[in-house]
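Before any comments, here is the structure.
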Amino acid sequence: MYGATYFTTLAVFLLADMLWLGAMSGRFYRPILGDIALTSVSLAPAMAFYILYPLGLVIFAILPALKSGNIIMTLFYGALFGFFTYATYDLTNQATLRNWTLQLTLIDVAWGTVLAAAAATAGYSIAGKFGP
């Protein structure tokens with residue numbers, strides 16, 4: 001079922017990212033970003049991101065891997081999706097924001113790569129058990 005695949009991907013992505021941001025926001029992101037960081041999250045764009053990103057993982061990582069029946073393909077395509085999307089965001093910010101550092105780019109891109117690979121693999125695992 002596509003719904004179970006999507007919601008599993010969403011749940012893993014959201015939970016892991018909330019844990020990461022909860023642990024790293026105060027000790028890593030805020031000290032670097034300083035006055036350009038909001039004091040609280042703007043919910044509408046955050047919700048849009050968390051709804052759309054797992055959908056991208058389903059379309060570009062999970063569904064192609066289901067056709068081949070290869071979970072390693074999901075891990076690989078999920079990692080690539082995470083790498084390219086997070087790199088686009090981080091490199092654009094590094095090019096345009098004075099506070100954005102190379103260290104922030106490297107750590108955030110690495111996190112996005114791991115996060116997307118893990119969420120896509122979880123979604124694939126559910127799809128494999130219950131059908132896409």
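We name chains A, B, ... following the order of the structure tokens; residues begin at 1 in each chain, and ligands are numbered from 1 as shown.
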
For the interface of segment 84-105 of chain A with segment 23-30 of chain A (cut-off 12 Å, counting only C-alpha atoms), please tabulate each contacting residue of segment 84-105 of chain A alongside its nearest pair of atoms and their separation in Å to one decimal, rows sorted by chain and increasing number, as CSV.
residue,atom,partner,partner_atom,distance
A:Asn99,CA,A:Arg30,CA,10.3
A:Trp100,CA,A:Tyr29,CA,9.6
A:Thr101,CA,A:Tyr29,CA,10.3
A:Gln103,CA,A:Phe28,CA,10.0
A:Leu104,CA,A:Tyr29,CA,7.6
A:Thr105,CA,A:Tyr29,CA,10.7

Close residues, segment 42-57 of chain A itself excluded, 7 Å, only C-alpha atoms, min 4 positions apart in chain, as a ChimeraX atom specification: /A:6,9-10,14,61-62,78,120

Segment 17-120 of chain A: which residues are alpha helix (DSSP H) by DSSP, as a ChimeraX atom specification? /A:17-24,30-33,43-57,63-68,71-96,102-120

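With only C-alpha atoms as the atoms that count, the residue of A:Ala4, A:Leu21, A:Ile59, A:Ala16 with the shortest distance to Phe81 of chain A is A:Ile59.
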
Using only C-alpha atoms, which of the listed residues (A:Thr121, A:Phe7, A:Thr96, A:Tyr2) sits closest to Ala65 of chain A? A:Thr121

Which polymer residues have any atom within 6 Å of an atom of Ala119 of chain A, counting only C-alpha atoms, with same-chain residues fewer than 3 positions away left out, as an MDAnalysis selection string? chainID A and resid 9 12:13 116 122

Output the selection as a PDB file, in the first residue's frame - N, CA and C atoms for each residue.
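The resulting file, out22.pdb, is shown below:
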ATOM      1  N   THR A   9       7.806   6.342   5.790  1.00  0.00           N
ATOM      2  CA  THR A   9       8.903   7.228   5.393  1.00  0.00           C
ATOM      3  C   THR A   9       8.791   8.560   6.123  1.00  0.00           C
ATOM      4  N   VAL A  12       9.616   8.120  10.029  1.00  0.00           N
ATOM      5  CA  VAL A  12      11.050   7.958  10.305  1.00  0.00           C
ATOM      6  C   VAL A  12      11.781   9.266  10.049  1.00  0.00           C
ATOM      7  N   PHE A  13      11.474   9.909   8.932  1.00  0.00           N
ATOM      8  CA  PHE A  13      12.129  11.167   8.578  1.00  0.00           C
ATOM      9  C   PHE A  13      11.854  12.237   9.638  1.00  0.00           C
ATOM     10  N   ALA A 116      17.885  10.775   4.787  1.00  0.00           N
ATOM     11  CA  ALA A 116      17.082  10.372   3.630  1.00  0.00           C
ATOM     12  C   ALA A 116      17.272   8.888   3.323  1.00  0.00           C
ATOM     13  N   ALA A 122      13.420   2.532   5.409  1.00  0.00           N
ATOM     14  CA  ALA A 122      12.282   2.151   6.261  1.00  0.00           C
ATOM     15  C   ALA A 122      11.002   2.068   5.439  1.00  0.00           C
TER      16      ALA A 122
END

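Take atom CA of Met18 of chain A and atom CA of Gly123 of chain A: the distance between them is 17.9 Å.
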
Top pick for closest residue to Gly112 of chain A, considering A:Phe84, A:Asp35, A:Val41, A:Thr8 and counting only C-alpha atoms: A:Phe84

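Taking only C-alpha atoms into account, Asp90 of chain A lies nearest to A:Trp111 out of the set A:Asn70, A:Trp111, A:Ala127, A:Ile36.
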
Mind checking which residues fall within 6 Å of Ala79 of chain A, counting only C-alpha atoms, ignoring those fewer than 2 positions away in the same chain, and posting them as a list of chain:residue names? A:Phe76, A:Tyr77, A:Phe81, A:Gly82, A:Phe83, A:Thr113, A:Ala116, A:Ala117

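Atom to atom, atom CA of Ile126 of chain A and atom CA of Leu63 of chain A stand 12.2 Å apart.
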
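One distance worth recording is that between atom CA of Thr39 of chain A and atom CA of Asp108 of chain A, which is 19.6 Å.
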